[in-house]
>>> print(open('input-v7.txt').read())   # compact mmCIF, C-alpha atoms and all ligand atoms
# COMPACT_ATOMS: atom_id res chain seq x y z
CA MET X 1 3.14 83.22 7.77
CA THR X 2 4.49 79.87 6.61
CA LEU X 3 6.16 77.21 8.75
CA TYR X 4 7.78 73.96 7.65
CA VAL X 5 8.99 71.52 10.30
CA CYS X 6 10.81 68.28 9.50
CA GLY X 7 8.71 65.49 10.95
CA VAL X 8 9.46 61.94 11.94
CA THR X 9 10.62 58.83 10.18
CA PRO X 10 7.79 56.68 11.45
CA TYR X 11 9.63 53.77 13.05
CA ASP X 12 10.38 54.93 16.60
CA SER X 13 7.83 57.70 17.08
CA GLY X 14 6.52 58.94 20.32
CA HIS X 15 9.55 59.71 22.47
CA MET X 16 10.24 62.85 24.45
CA GLY X 17 12.78 64.18 21.93
CA HIS X 18 10.08 64.33 19.26
CA ALA X 19 7.50 65.64 21.71
CA PHE X 20 9.86 68.47 22.72
CA THR X 21 10.36 69.62 19.12
CA PHE X 22 6.68 69.49 18.19
CA SER X 23 5.50 71.10 21.46
CA ILE X 24 7.94 73.97 20.94
CA PHE X 25 6.66 74.57 17.41
CA ASP X 26 3.11 74.36 18.71
CA VAL X 27 3.87 77.20 21.14
CA LEU X 28 5.27 79.17 18.21
CA VAL X 29 2.14 78.58 16.08
CA ARG X 30 -0.23 79.41 18.93
CA PHE X 31 1.72 82.52 19.92
CA ILE X 32 1.68 83.87 16.34
CA GLU X 33 -1.98 83.00 15.88
CA ALA X 34 -2.92 84.55 19.25
CA GLY X 35 -1.44 87.75 17.80
CA GLY X 36 -3.94 87.61 14.93
CA ALA X 37 -1.82 86.20 12.07
CA ARG X 38 -2.54 82.85 10.47
CA VAL X 39 0.19 80.21 10.22
CA LYS X 40 0.21 77.69 7.39
CA TYR X 41 2.05 74.77 8.95
CA VAL X 42 3.46 71.78 7.06
CA GLN X 43 5.15 68.84 8.76
CA ASN X 44 6.32 65.95 6.61
CA VAL X 45 6.35 62.23 7.32
CA THR X 46 9.49 60.48 6.03
CA ASP X 47 7.91 57.14 5.18
CA VAL X 48 10.63 56.28 2.63
CA ASP X 49 13.87 55.95 4.57
CA ASP X 50 16.58 53.41 5.41
CA PRO X 51 15.84 53.00 9.15
CA LEU X 52 12.13 52.43 8.42
CA PHE X 53 12.92 49.70 5.87
CA GLU X 54 15.46 48.10 8.21
CA ARG X 55 12.91 47.97 11.01
CA ALA X 56 10.20 46.57 8.72
CA ARG X 57 12.65 43.90 7.50
CA ARG X 58 13.69 42.97 11.04
CA ASP X 59 10.09 42.73 12.28
CA GLY X 60 8.82 41.02 9.13
CA VAL X 61 6.12 43.64 8.52
CA ASP X 62 5.18 45.69 5.48
CA TRP X 63 6.90 49.10 5.56
CA ARG X 64 3.55 50.79 4.82
CA ASP X 65 1.90 49.16 7.83
CA LEU X 66 4.81 50.12 10.08
CA ALA X 67 4.71 53.71 8.80
CA ASP X 68 0.93 53.93 9.26
CA ARG X 69 1.09 52.56 12.78
CA GLU X 70 3.93 54.81 13.93
CA THR X 71 2.41 57.90 12.31
CA GLN X 72 -0.76 57.20 14.28
CA VAL X 73 1.30 56.93 17.48
CA GLN X 74 2.81 60.35 16.82
CA ILE X 75 -0.58 61.94 16.10
CA ARG X 76 -2.13 60.31 19.17
CA ASP X 77 0.70 61.53 21.44
CA MET X 78 0.70 65.06 20.09
CA THR X 79 -3.09 65.24 20.25
CA ALA X 80 -2.84 64.31 23.94
CA LEU X 81 -0.17 66.98 24.37
CA GLY X 82 -2.64 69.48 22.97
CA TRP X 83 -1.16 70.53 19.65
CA ARG X 84 -2.90 72.44 16.92
CA PRO X 85 -2.28 69.87 14.17
CA PRO X 86 -0.22 70.92 11.13
CA ASP X 87 -2.36 71.97 8.16
CA VAL X 88 -0.74 69.28 6.05
CA MET X 89 1.31 66.20 6.97
CA PRO X 90 2.48 64.99 3.56
CA ARG X 91 4.13 61.60 3.18
CA VAL X 92 7.07 60.99 0.90
CA SER X 93 5.29 58.05 -0.74
CA ASP X 94 2.47 60.40 -1.81
CA GLU X 95 4.81 63.08 -3.14
CA ILE X 96 7.00 61.10 -5.54
CA GLY X 97 5.75 63.10 -8.54
CA HIS X 98 6.85 66.41 -7.03
CA ILE X 99 10.13 64.91 -5.85
CA LEU X 100 10.90 63.64 -9.36
CA ALA X 101 9.96 66.96 -10.91
CA ALA X 102 12.38 68.78 -8.59
CA SER X 103 15.14 66.22 -9.26
CA THR X 104 14.61 66.46 -13.01
CA LYS X 105 14.79 70.24 -12.93
CA LEU X 106 18.02 70.17 -10.89
CA HIS X 107 19.47 67.76 -13.45
CA THR X 108 18.36 69.93 -16.38
CA LEU X 109 19.82 73.04 -14.76
CA GLY X 110 23.16 71.28 -14.33
CA TYR X 111 23.10 71.02 -10.53
CA ALA X 112 22.86 67.25 -10.57
CA TYR X 113 24.70 64.46 -12.38
CA ARG X 114 23.99 60.81 -12.96
CA THR X 115 26.30 57.90 -12.19
CA ASP X 116 25.12 54.95 -10.08
CA ALA X 117 22.47 57.36 -8.74
CA LEU X 118 21.40 60.93 -9.40
CA TYR X 119 23.59 63.15 -7.18
CA PHE X 120 23.40 66.80 -6.24
CA ASP X 121 26.71 68.51 -7.02
CA VAL X 122 27.50 70.59 -3.91
CA ASN X 123 30.34 72.36 -5.72
CA LYS X 124 27.81 74.02 -8.04
CA TYR X 125 26.24 75.76 -5.03
CA ARG X 126 28.13 78.58 -3.37
CA GLY X 127 28.01 78.40 0.40
CA TYR X 128 27.43 74.74 1.19
CA GLY X 129 28.28 74.52 4.91
CA ARG X 130 27.34 78.10 5.80
CA LEU X 131 24.02 77.25 7.41
CA SER X 132 25.64 74.84 9.88
CA HIS X 133 28.93 76.82 10.14
CA LEU X 134 30.93 73.64 9.66
CA SER X 135 34.31 73.37 8.02
CA HIS X 136 34.81 71.00 5.12
CA LEU X 137 36.58 68.56 7.41
CA SER X 138 33.84 68.67 10.07
CA MET X 139 31.19 68.00 7.43
CA LEU X 140 33.11 64.96 6.22
CA ARG X 141 33.53 63.71 9.79
CA LYS X 142 29.87 64.10 10.53
CA LEU X 143 28.85 62.20 7.39
CA ARG X 144 31.28 59.41 8.24
CA HIS X 145 29.95 59.28 11.79
CA GLU X 146 26.37 58.99 10.49
CA ASP X 147 27.40 56.43 7.90
CA LEU X 148 26.26 58.70 5.05
CA LEU X 149 29.60 59.17 3.36
CA GLY X 150 29.03 56.65 0.56
CA THR X 151 31.53 55.97 -2.20
CA VAL X 152 33.50 58.39 -4.34
CA GLY X 153 34.53 57.22 -7.78
CA PRO X 154 33.86 57.32 -11.51
CA ASN X 155 30.67 55.33 -11.11
CA ALA X 156 29.58 56.99 -7.85
CA LYS X 157 29.91 60.45 -6.24
CA ARG X 158 32.38 63.04 -7.49
CA ASP X 159 32.70 64.69 -4.10
CA PRO X 160 32.07 62.94 -0.78
CA LEU X 161 29.71 65.79 0.21
CA ASP X 162 27.47 65.19 -2.83
CA PHE X 163 24.22 63.45 -1.92
CA ALA X 164 21.66 61.36 -3.81
CA LEU X 165 18.48 62.91 -5.14
CA TRP X 166 17.31 59.63 -6.64
CA ARG X 167 18.80 56.19 -6.17
CA PRO X 168 18.10 52.55 -7.01
CA SER X 169 16.06 50.64 -4.41
CA ALA X 170 17.22 47.45 -2.71
CA PRO X 171 15.25 44.36 -3.83
CA ASP X 172 12.76 44.45 -0.93
CA GLU X 173 12.30 48.22 -0.96
CA PRO X 174 9.63 50.15 -2.85
CA ALA X 175 10.67 51.42 -6.30
CA TRP X 176 8.99 53.99 -8.50
CA PRO X 177 9.61 54.32 -12.24
CA SER X 178 11.53 57.37 -13.39
CA ARG X 179 13.73 58.67 -16.18
CA PHE X 180 16.67 58.04 -13.82
CA GLY X 181 15.74 54.37 -13.51
CA ASP X 182 13.38 52.61 -11.11
CA GLY X 183 14.22 53.67 -7.60
CA ARG X 184 13.41 55.94 -4.71
CA PRO X 185 14.28 59.43 -3.50
CA GLY X 186 17.34 60.29 -1.50
CA TRP X 187 16.64 61.84 1.88
CA HIS X 188 16.90 65.62 1.51
CA ILE X 189 14.97 66.22 -1.70
CA GLU X 190 11.62 65.36 -0.11
CA CYS X 191 11.59 68.49 2.05
CA THR X 192 12.53 70.75 -0.85
CA ALA X 193 9.75 69.26 -2.98
CA MET X 194 7.11 69.27 -0.23
CA SER X 195 7.83 72.74 1.12
CA MET X 196 7.59 74.14 -2.41
CA HIS X 197 4.48 72.16 -3.23
CA PHE X 198 2.60 73.37 -0.16
CA LEU X 199 4.25 76.67 0.80
CA GLY X 200 5.89 78.09 -2.32
CA LYS X 201 9.45 79.00 -3.21
CA GLN X 202 10.29 80.72 0.06
CA ILE X 203 9.17 79.96 3.58
CA ASP X 204 9.15 82.18 6.63
CA ILE X 205 10.34 79.69 9.25
CA HIS X 206 11.94 76.29 8.82
CA GLY X 207 12.27 74.13 11.90
CA GLY X 208 13.55 70.78 13.05
CA GLY X 209 15.83 69.08 15.53
CA ARG X 210 19.39 70.37 15.70
CA ASP X 211 20.75 67.03 14.51
CA LEU X 212 19.12 67.87 11.15
CA GLN X 213 21.05 71.10 10.63
CA PHE X 214 23.82 69.24 8.86
CA SER X 215 23.48 67.45 6.52
CA HIS X 216 19.72 67.61 6.04
CA HIS X 217 18.95 71.33 6.20
CA GLU X 218 22.23 72.33 4.62
CA SER X 219 21.35 70.13 1.66
CA GLU X 220 17.71 71.26 1.51
CA ARG X 221 18.83 74.85 1.33
CA ALA X 222 21.38 74.16 -1.41
CA GLN X 223 18.84 72.23 -3.51
CA SER X 224 16.00 74.70 -3.02
CA GLU X 225 17.99 77.82 -3.80
CA SER X 226 19.58 76.13 -6.85
CA LEU X 227 16.15 75.07 -8.03
CA THR X 228 14.42 78.44 -7.80
CA GLY X 229 17.28 80.97 -7.80
CA LYS X 230 15.46 82.60 -4.88
CA LYS X 231 17.42 83.33 -1.70
CA PRO X 232 16.92 82.74 1.09
CA PHE X 233 14.92 79.54 0.86
CA ALA X 234 13.94 80.01 4.54
CA ARG X 235 13.87 83.45 6.16
CA ALA X 236 14.60 81.93 9.56
CA TRP X 237 15.77 78.55 10.79
CA MET X 238 14.87 77.24 14.24
CA HIS X 239 16.69 74.19 15.56
CA THR X 240 15.59 72.48 18.73
CA GLY X 241 18.05 71.00 21.22
CA LEU X 242 18.45 67.32 21.92
CA VAL X 243 16.90 65.55 24.88
CA ARG X 244 19.16 63.29 26.92
CA TYR X 245 18.29 60.55 29.36
CA ASP X 246 20.77 58.77 31.64
CA GLY X 247 23.48 61.04 30.26
CA TYR X 248 22.99 60.29 26.57
CA LYS X 249 20.90 61.62 23.70
CA MET X 250 17.67 59.63 23.60
CA SER X 251 17.94 57.17 20.75
CA LYS X 252 16.51 53.89 19.72
CA SER X 253 19.97 52.41 19.21
CA ARG X 254 21.04 53.21 22.79
CA GLY X 255 17.71 52.02 24.16
CA ASN X 256 17.20 55.04 26.45
CA LEU X 257 13.95 56.33 24.97
CA VAL X 258 11.33 57.75 27.29
CA LYS X 259 8.03 57.38 25.48
CA VAL X 260 5.30 59.98 25.69
CA SER X 261 2.89 57.19 26.64
CA GLN X 262 5.05 56.36 29.71
CA THR X 263 4.96 59.97 30.91
CA LEU X 264 1.18 60.17 30.39
CA GLN X 265 0.75 57.21 32.74
CA ARG X 266 2.40 59.21 35.51
CA ALA X 267 1.23 62.78 34.94
CA PRO X 268 -1.56 64.79 33.31
CA ALA X 269 -0.85 65.77 29.69
CA ALA X 270 -0.61 69.46 30.63
CA ALA X 271 2.17 68.61 33.10
CA VAL X 272 4.14 66.72 30.45
CA ARG X 273 3.74 69.60 28.05
CA LEU X 274 4.67 72.18 30.72
CA TYR X 275 7.77 70.17 31.60
CA LEU X 276 8.81 70.10 27.93
CA VAL X 277 8.31 73.80 27.27
CA SER X 278 10.07 74.73 30.53
CA HIS X 279 13.28 74.25 28.51
CA HIS X 280 14.60 76.73 25.99
CA TYR X 281 14.20 75.36 22.49
CA ARG X 282 17.83 75.85 21.49
CA ARG X 283 19.39 74.09 24.49
CA ASP X 284 20.03 70.42 25.05
CA TRP X 285 18.58 69.15 28.31
CA GLU X 286 18.22 66.00 30.32
CA PHE X 287 14.86 64.41 31.03
CA ASN X 288 14.26 63.37 34.63
CA TRP X 289 11.20 62.09 36.40
CA ASP X 290 11.54 64.53 39.32
CA GLY X 291 11.22 67.44 36.90
CA LEU X 292 8.02 65.94 35.54
CA ALA X 293 6.69 65.39 39.08
CA ARG X 294 7.33 69.07 39.93
CA ALA X 295 5.47 70.15 36.79
CA ALA X 296 2.59 67.88 37.79
CA ARG X 297 2.35 69.54 41.24
CA PHE X 298 2.22 72.98 39.66
CA ILE X 299 -0.48 71.89 37.17
CA GLU X 300 -2.55 70.44 40.01
CA GLY X 301 -2.38 73.78 41.87
CA MET X 302 -3.32 75.64 38.71
CA ARG X 303 -6.23 73.26 38.04
CA LYS X 304 -7.61 73.78 41.58
CA PHE X 305 -7.28 77.54 41.27
CA LEU X 306 -9.15 77.60 37.94
CA ALA X 307 -11.83 75.24 39.29
CA ASP X 308 -12.36 77.56 42.32
CA GLU X 309 -12.67 80.52 39.97
CA ASP X 310 -15.26 78.64 37.89
CA ARG X 311 -17.29 77.81 40.99
CA SER X 312 -17.23 81.33 42.38
CA ALA X 313 -19.76 83.67 40.84
CA ARG X 314 -17.11 86.34 40.44
CA ARG X 315 -17.08 88.15 37.14
CA THR X 316 -13.76 87.46 35.48
CA ALA X 317 -11.57 90.54 35.27
CA PRO X 318 -9.51 91.07 32.10
CA PRO X 319 -5.96 89.71 32.31
CA GLY X 320 -3.41 91.87 34.12
CA ARG X 321 -1.60 94.08 31.62
CA ALA X 322 1.85 93.74 33.21
CA LEU X 323 1.60 89.94 33.35
CA MET X 324 0.53 89.63 29.71
CA ALA X 325 3.15 92.14 28.56
CA GLU X 326 5.86 90.10 30.25
CA PHE X 327 4.51 86.85 28.78
CA ASN X 328 4.33 88.23 25.24
CA ALA X 329 7.73 89.90 25.48
CA ALA X 330 9.24 86.58 26.57
CA LEU X 331 7.89 84.68 23.57
CA ALA X 332 8.71 87.51 21.16
CA ASP X 333 12.32 87.26 22.35
CA ASP X 334 13.44 84.17 20.40
CA LEU X 335 10.57 82.14 21.84
CA ASP X 336 11.83 82.23 25.43
CA THR X 337 9.41 79.68 26.83
CA VAL X 338 11.40 79.44 30.07
CA ARG X 339 10.59 83.06 30.86
CA ALA X 340 7.00 82.61 29.62
CA VAL X 341 6.52 79.71 32.05
CA ARG X 342 7.74 82.01 34.86
CA ALA X 343 5.06 84.50 33.80
CA LEU X 344 2.45 81.74 34.02
CA ARG X 345 3.63 80.88 37.54
CA ALA X 346 3.38 84.55 38.50
CA ALA X 347 -0.17 84.71 37.11
CA VAL X 348 -1.20 81.74 39.26
CA ARG X 349 0.47 83.31 42.33
CA GLN X 350 -1.35 86.58 41.69
CA ARG X 351 -4.60 84.68 41.18
CA ASP X 352 -5.24 86.26 37.79
CA ALA X 353 -7.52 83.68 36.18
CA ALA X 354 -7.85 85.45 32.82
CA ALA X 355 -4.07 85.74 32.44
CA VAL X 356 -3.62 82.10 33.45
CA ARG X 357 -6.12 80.98 30.80
CA ALA X 358 -4.56 83.13 28.08
CA MET X 359 -1.07 81.82 28.85
CA GLN X 360 -2.30 78.25 29.19
CA ALA X 361 -3.82 78.41 25.70
CA VAL X 362 -0.46 79.32 24.17
CA LEU X 363 1.95 77.27 26.29
CA LEU X 364 -0.11 74.16 26.90
CA GLY X 365 -2.54 74.18 23.98
CA THR X 366 -5.47 71.87 24.62
CA ALA X 367 -3.53 69.46 26.86
CA SER X 368 -5.72 68.18 29.68
CA LEU X 369 -5.10 69.42 33.24
CA THR X 370 -6.25 66.13 34.76
ZN ZN X 401 13.30 67.73 6.26
>>> encode(input="input-v7.txt", output="structure tokens", more="lines below")
Ligand SMILES: [Zn+2]
Amino acid sequence: MTLYVCGVTPYDSGHMGHAFTFSIFDVLVRFIEAGGARVKYVQNVTDVDDPLFERARRDGVDWRDLADRETQVQIRDMTALGWRPPDVMPRVSDEIGHILAASTKLHTLGYAYRTDALYFDVNKYRGYGRLSHLSHLSMLRKLRHEDLLGTVGPNAKRDPLDFALWRPSAPDEPAWPSRFGDGRPGWHIECTAMSMHFLGKQIDIHGGGRDLQFSHHESERAQSESLTGKKPFARAWMHTGLVRYDGYKMSKSRGNLVKVSQTLQRAPAAAVRLYLVSHHYRRDWEFNWDGLARAARFIEGMRKFLADEDRSARRTAPPGRALMAEFNAALADDLDTVRAVRALRAAVRQRDAAAVRAMQAVLLGTASLT
């Protein structure tokens, strides 16, 4: 089983939106592996990206140092939240060779053309827009809204939906030599190159935040299938909902981020993780501190129950069949973690220590109960 999840651009790591996505995929990995299969899990680090360079410029730091620091923040947070780390966390800056090879092949095959940059020609791919179910007009609107529209013209893009595979770097940005001129990769090509490098031409599950569905995943799919001729590039796509705070999507620009480190000051890691996975992965939801406090009370009750069981000399009975069947059915049904959390609550109520431990291992990973 192979899983590729789009990771962070390491400049504002460590907020609850990221933690939600990566905790959800951790439940998926642990659920599949508890069933006896092995998951090969790749999560990339986008350390070559406009927002990262802008932040480095603003703060007067080297982009590599900023990327290193923020990647460490993400790993520290997710380790606290008990994840089973991805098998590989490749960085764009280490994968330039594979990215250039993919870009060159797309150019050779006639899917890309060169003007002021090397662009992917979306009109050569049948079905651009079908993954995100967006009309042509909605795609254009979304690109404009995200400031990714760029310029159309004889020395630029042919179609506003075309996107750069390789582009010149600004003077203070890193540049790598290539047959397309010194420069750096566009955004989408990295995930095509890395998923193929580590997982092959087709992957079982591709995940990421829902804001990546268009244009990022739409473009990844178009590139990958054009490159290999193999369809589908991903057998399943899983997009996680957005986390709001104070009524708006958490974002650095709005300044309404809730950091994982802030939540860990107020509650045990297992409570933070339980609070996150108490929401269905596909839905948007709003973070609130009361919800976290309720999760913390439940975790404290569960911790006391398990500690009592450990102290008693009782031989542990095997987990209740009905409880485990309900738990597994919930996760097998489009990863319904909301229902799985209800099964965990029922196991605590019924004082079934073995079932509680089995469910804890999947839902909460190795997150600490204290
Ligand atoms: Zn990606």
>>> residues_near_ligand(input="input-v7.txt", ligand="ligand ZN 401 (chain X)", cutoff="8 Å", atoms="all atoms listed in the file", output="count of residues only")
13
>>> residues_around(input="input-v7.txt", residues="Ala156 (chain X)", least_positions_apart="3", cutoff="7 Å", atoms="all atoms listed in the file", output="ChimeraX atom specification")
/X:115-116,151-153
>>> residues_around(input="input-v7.txt", residues="Gly97 (chain X)", least_positions_apart="5", cutoff="12 Å", atoms="only C-alpha atoms", output="JSON, numbers by chain")
{"X": [91, 92, 102, 103, 104, 176, 177, 178, 179, 184, 185, 189, 190, 193, 194, 197]}
>>> residues_around(input="input-v7.txt", residues="Lys259 (chain X)", least_positions_apart="5", cutoff="9 Å", atoms="all atoms listed in the file", output="PDB file with C-alpha atoms, keeping the file's coordinate frame")
ATOM      1  CA  SER X  13       7.830  57.700  17.080  1.00  0.00           C
ATOM      2  CA  GLY X  14       6.520  58.940  20.320  1.00  0.00           C
ATOM      3  CA  HIS X  15       9.550  59.710  22.470  1.00  0.00           C
ATOM      4  CA  MET X  16      10.240  62.850  24.450  1.00  0.00           C
ATOM      5  CA  LEU X 264       1.180  60.170  30.390  1.00  0.00           C
TER       6      LEU X 264
END
>>> closest_residue(input="input-v7.txt", among="X:Asn288, X:Ser278, X:Ser312, X:Ser226", to="Val122 (chain X)", atoms="only C-alpha atoms")
X:Ser226
>>> residues_near_point(input="input-v7.txt", point="(31.2, 68.8, 8.1)", cutoff="12 Å", atoms="all atoms listed in the file", output="list in words")
Tyr128, Gly129, Arg130, Leu131, Ser132, His133, Leu134, Ser135, His136, Leu137, Ser138, Met139, Leu140, Arg141, Lys142, Leu143, Arg144, His145, Glu146, Leu148, Leu149, Pro160, Leu161, Gln213, Phe214, Ser215, His216, Glu218 and Ser219 of chain X
>>> write_last_selection(input="input-v7.txt", atoms="C-alpha atoms", output="short mmCIF file (atom, residue, chain, number, x, y, z; two decimals), keeping the file's coordinate frame")
data_model
loop_
_atom_site.label_atom_id
_atom_site.label_comp_id
_atom_site.auth_asym_id
_atom_site.auth_seq_id
_atom_site.Cartn_x
_atom_site.Cartn_y
_atom_site.Cartn_z
CA TYR X 128 27.43 74.74 1.19
CA GLY X 129 28.28 74.52 4.91
CA ARG X 130 27.34 78.10 5.80
CA LEU X 131 24.02 77.25 7.41
CA SER X 132 25.64 74.84 9.88
CA HIS X 133 28.93 76.82 10.14
CA LEU X 134 30.93 73.64 9.66
CA SER X 135 34.31 73.37 8.02
CA HIS X 136 34.81 71.00 5.12
CA LEU X 137 36.58 68.56 7.41
CA SER X 138 33.84 68.67 10.07
CA MET X 139 31.19 68.00 7.43
CA LEU X 140 33.11 64.96 6.22
CA ARG X 141 33.53 63.71 9.79
CA LYS X 142 29.87 64.10 10.53
CA LEU X 143 28.85 62.20 7.39
CA ARG X 144 31.28 59.41 8.24
CA HIS X 145 29.95 59.28 11.79
CA GLU X 146 26.37 58.99 10.49
CA LEU X 148 26.26 58.70 5.05
CA LEU X 149 29.60 59.17 3.36
CA PRO X 160 32.07 62.94 -0.78
CA LEU X 161 29.71 65.79 0.21
CA GLN X 213 21.05 71.10 10.63
CA PHE X 214 23.82 69.24 8.86
CA SER X 215 23.48 67.45 6.52
CA HIS X 216 19.72 67.61 6.04
CA GLU X 218 22.23 72.33 4.62
CA SER X 219 21.35 70.13 1.66
#
>>> atom_distance(input="input-v7.txt", atom1="CA of Trp166 (chain X)", atom2="CA of Pro90 (chain X)")
18.8 Å
>>> atom_distance(input="input-v7.txt", atom1="CA of Gln223 (chain X)", atom2="CA of Thr108 (chain X)")
13.1 Å
>>> closest_residue(input="input-v7.txt", among="X:Glu300, X:Asp182, X:Asp159, X:Asp94", to="Tyr113 (chain X)", atoms="all atoms listed in the file")
X:Asp159
>>> closest_residue(input="input-v7.txt", among="X:Ala117, X:Ala313, X:Val73, X:Ala346", to="Gly181 (chain X)", atoms="all atoms listed in the file")
X:Ala117
>>> residues_around(input="input-v7.txt", residues="region 236-241 of chain X", least_positions_apart="6", cutoff="8 Å", atoms="all atoms listed in the file", output="short mmCIF file (atom, residue, chain, number, x, y, z; two decimals) with C-alpha atoms, keeping the file's coordinate frame")
data_model
loop_
_atom_site.label_atom_id
_atom_site.label_comp_id
_atom_site.auth_asym_id
_atom_site.auth_seq_id
_atom_site.Cartn_x
_atom_site.Cartn_y
_atom_site.Cartn_z
CA THR X 21 10.36 69.62 19.12
CA ASP X 204 9.15 82.18 6.63
CA ILE X 205 10.34 79.69 9.25
CA HIS X 206 11.94 76.29 8.82
CA GLY X 207 12.27 74.13 11.90
CA GLY X 208 13.55 70.78 13.05
CA GLY X 209 15.83 69.08 15.53
CA ARG X 210 19.39 70.37 15.70
CA GLN X 213 21.05 71.10 10.63
CA TYR X 281 14.20 75.36 22.49
CA ARG X 282 17.83 75.85 21.49
CA ARG X 283 19.39 74.09 24.49
CA ASP X 284 20.03 70.42 25.05
CA TRP X 285 18.58 69.15 28.31
#
>>> closest_residue(input="input-v7.txt", among="X:Leu227, X:Asp87, X:Gly82, X:Val39", to="Lys124 (chain X)", atoms="only C-alpha atoms")
X:Leu227
>>> closest_residue(input="input-v7.txt", among="X:Ile32, X:Val338, X:Met324, X:Ala329", to="Ala358 (chain X)", atoms="all atoms listed in the file")
X:Met324
>>> residues_around(input="input-v7.txt", residues="Pro268 (chain X)", least_positions_apart="4", cutoff="7 Å", atoms="all atoms listed in the file", output="number ranges by chain")
X: 264, 272, 296, 368-370
>>> closest_residue(input="input-v7.txt", among="X:Val48, X:Val27, X:Met250, X:Val260", to="Arg76 (chain X)", atoms="only C-alpha atoms")
X:Val260
>>> atom_distance(input="input-v7.txt", atom1="CA of Thr263 (chain X)", atom2="CA of Leu363 (chain X)")
18.2 Å
>>> decode(input="input-v7.txt", residues="region 11-16 of chain X", atoms="all heavy atoms", output="PDB file, in the first residue's frame")
ATOM      1  N   TYR X  11       7.387  27.451   6.491  1.00  0.00           N
ATOM      2  CA  TYR X  11       7.566  28.835   6.926  1.00  0.00           C
ATOM      3  C   TYR X  11       6.545  29.222   7.977  1.00  0.00           C
ATOM      4  O   TYR X  11       6.724  30.162   8.710  1.00  0.00           O
ATOM      5  CB  TYR X  11       7.507  29.816   5.736  1.00  0.00           C
ATOM      6  CG  TYR X  11       6.114  30.077   5.208  1.00  0.00           C
ATOM      7  CD1 TYR X  11       5.474  31.294   5.443  1.00  0.00           C
ATOM      8  CD2 TYR X  11       5.449  29.105   4.493  1.00  0.00           C
ATOM      9  CE1 TYR X  11       4.197  31.524   4.971  1.00  0.00           C
ATOM     10  CE2 TYR X  11       4.170  29.332   4.019  1.00  0.00           C
ATOM     11  CZ  TYR X  11       3.551  30.540   4.258  1.00  0.00           C
ATOM     12  OH  TYR X  11       2.276  30.763   3.800  1.00  0.00           O
ATOM     13  N   ASP X  12       5.442  28.457   8.093  1.00  0.00           N
ATOM     14  CA  ASP X  12       4.493  28.736   9.180  1.00  0.00           C
ATOM     15  C   ASP X  12       3.967  27.411   9.718  1.00  0.00           C
ATOM     16  O   ASP X  12       2.789  27.214   9.891  1.00  0.00           O
ATOM     17  CB  ASP X  12       3.340  29.626   8.713  1.00  0.00           C
ATOM     18  CG  ASP X  12       2.365  28.880   7.800  1.00  0.00           C
ATOM     19  OD1 ASP X  12       2.758  27.841   7.246  1.00  0.00           O
ATOM     20  OD2 ASP X  12       1.206  29.322   7.670  1.00  0.00           O
ATOM     21  N   SER X  13       4.891  26.479   9.952  1.00  0.00           N
ATOM     22  CA  SER X  13       4.506  25.135  10.371  1.00  0.00           C
ATOM     23  C   SER X  13       3.854  25.171  11.735  1.00  0.00           C
ATOM     24  O   SER X  13       3.898  26.167  12.441  1.00  0.00           O
ATOM     25  CB  SER X  13       5.733  24.235  10.466  1.00  0.00           C
ATOM     26  OG  SER X  13       6.515  24.374   9.327  1.00  0.00           O
ATOM     27  N   GLY X  14       3.290  24.046  12.074  1.00  0.00           N
ATOM     28  CA  GLY X  14       2.921  23.843  13.465  1.00  0.00           C
ATOM     29  C   GLY X  14       1.591  24.409  13.877  1.00  0.00           C
ATOM     30  O   GLY X  14       1.360  24.620  15.057  1.00  0.00           O
ATOM     31  N   HIS X  15       0.643  24.669  12.938  1.00  0.00           N
ATOM     32  CA  HIS X  15      -0.669  25.083  13.421  1.00  0.00           C
ATOM     33  C   HIS X  15      -1.666  23.938  13.304  1.00  0.00           C
ATOM     34  O   HIS X  15      -1.364  22.874  12.777  1.00  0.00           O
ATOM     35  CB  HIS X  15      -1.141  26.379  12.748  1.00  0.00           C
ATOM     36  CG  HIS X  15      -1.424  26.258  11.285  1.00  0.00           C
ATOM     37  ND1 HIS X  15      -2.524  25.585  10.804  1.00  0.00           N
ATOM     38  CD2 HIS X  15      -0.763  26.736  10.212  1.00  0.00           C
ATOM     39  CE1 HIS X  15      -2.520  25.668   9.490  1.00  0.00           C
ATOM     40  NE2 HIS X  15      -1.456  26.346   9.102  1.00  0.00           N
ATOM     41  N   MET X  16      -2.857  24.172  13.860  1.00  0.00           N
ATOM     42  CA  MET X  16      -3.811  23.079  14.004  1.00  0.00           C
ATOM     43  C   MET X  16      -4.348  22.573  12.662  1.00  0.00           C
ATOM     44  O   MET X  16      -4.768  21.438  12.551  1.00  0.00           O
ATOM     45  CB  MET X  16      -4.969  23.515  14.911  1.00  0.00           C
ATOM     46  CG  MET X  16      -4.536  23.750  16.344  1.00  0.00           C
ATOM     47  SD  MET X  16      -3.749  22.292  17.068  1.00  0.00           S
ATOM     48  CE  MET X  16      -5.170  21.446  17.718  1.00  0.00           C
TER      49      MET X  16
END
